[in-house]
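Below you'll find the structure, written out as structure tokens, and then a few comments.
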Amino acid sequence: MSLSIFTQRILPLKDQLFRLAFRLLRDVQEAEDIIQDVMVKIWTKRDEWGQWQSLEAYCMTATRNSCLDRMRRRRLVPVGEERARDITSNEQDPYEKMMGKEILSQIRKCMDELPENQQLVMQLREIEGFSYNEIAEVLDMSMEQVKINLFRGRNAIKRSITKEESSWKK
Amino acid sequence: MEKIRIAGLLEKYWQAETTVDEEKVLAAYFRQPVIPPEWEAYRQLFTYYEAESRLGVGEDFDKKVLQRIGMSETVAGSGTVMRPLIRRAPWWAAAAVILLSLGAALLMDRPNPHDRPGTPSSTEISATTIKDTYDDPQEALAAIRKALFKASSKINQGKTITKKEMGRMKDSWQMAVNY
């Protein structure tokens with residue numbers, strides 16, 4: 001029974017949990033190691049699963065806490081440009097392609113530099129598509145705080161990319 | 001017309017007032033090959049989010065986790081739990097073990113029909129009963145050959161009996177599993 005729940009509900013969260021860990025740690029291997037540890041820890045607590053409101057939210061919260069613990073133990077080095085991948089292949093014009101890459105690089109930089117709460121709210125909303133309620137539960141904050149962090153995060157990125165674009169147009 | 005609708009959604013988006021569904025509409029819109037040039041930067045933003053949402057762990061992640069929790073051998077394929085027979089039918093497994101033990105014990109205790117009365121059985125022979133009986137090496141060699149020939153014929157009988165018993169056990173096991 002526990003194994004079925006584990007394989008059908010917890011293991012499939014691996015990519016989502018990985019992305020959250022990667023957002024905070026900026027290191028693929030470290031993020032994957034953390035997720036493995038989280039999954040094993042959750043398995044050892046299988047007797048308590050029935051008491052948890054939401055397995056999914058618990059997994060996300062456990063991942064976030066593990067990452068924050070790990071970050072406290074080391075000085076976080078942003079990965080920045082090393083993460084850059086070419087996802088702008090649709091552009092035909094080399095100028096547009098170059099501009100696209102610059103904007104993309106600016107988005108990454110801006111996301112990485114946002115305050116931690118804004119990063120986490122942005123990650124859960126923009127990339128995972130969570131509702132405000134779900135974000136509030138996972139990050140243990142009020143709906144109002146979720147909305148404020150999202151507003152600030154989005155606008156920081158908007159300023160950043162529009163600034164980058166206008167500098168290219170000059 | 002569509003541009004006005006998208007402009008309205010974008011306005012709500014920057015104010016953090018869009019719903020999840022409205023954000024999906026925006027993401028779909030910015031996947032189009034042609035959009036107004038003034039929104040090109042926004043396309044990059046939504047492309048970035050989409051690319052990030054495709055990140056994931058390595059292919060062997062499940063295997064590693066299941067190994068760590070000691071369940072790797074019980075799970076195969078995509079999330080299908082394959083429990084071994086011993087966990088599906090523990091009582092039948094226990095009964096089968098008892099049956100096997102009894103069968104083995106019976107086979108060992110069974111008197112050999114080829115043993116003559118008065119001669120010690122193979123289990124009764126011990127180091128204390130063995131003593132030198134031949135002075136002539138040729139005579140000893142002939143006796144050893146005879147003994148080995150006799151032993152080999154019994155080994156063949158043993159194989160036949162074991163094969164027969166195993167066949168019966170297999171039938172019983174199959175019946176138990178199908179029950």
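Identifiers in this document derive from the order of the structure tokens: chains are assigned A, B, ..., residues are numbered from 1 separately in each chain, and ligands are numbered from 1 in order of occurrence.
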
Legend entry - Contact residues (chain B, partner chain A, 9 Å, only C-alpha atoms) as an NGL selection string: :B and (13-17 or 19-20 or 23-24 or 33 or 40-42 or 44-58 or 61-62 or 64-66 or 68-69 or 71 or 75 or 78-81)

Inset, instruction - Can you pull out every residue within 7 Å of Phe30 (chain B), counting only C-alpha atoms, but drop anything in the same chain fewer than 2 positions away, and send it as a VMD selection string? - result: chain B and resid 26 to 28 32 43 46

Inset, instruction - Excluding region 52-63 of chain A and residues on its chain fewer than 4 positions from it, collect all residues at most 8 Å away from it, counting only C-alpha atoms, and give them as a PyMOL selection string. - result: chain A and resi 9-10+13+17+20-21+34-35+38-39+42+48+67+134+137-139

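Atom pair CA of Met141 (chain A) / CA of Val25 (chain B): separated by 27.3 Å.
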
Inset, instruction - Please report, as a VMD selection string, each residue of chain A to which DSSP assigns alpha helix (DSSP H) when run on this structure's backbone. - result: chain A and resid 2 to 5 14 to 25 28 to 44 55 to 73 94 to 113 116 to 122 132 to 139 143 to 169
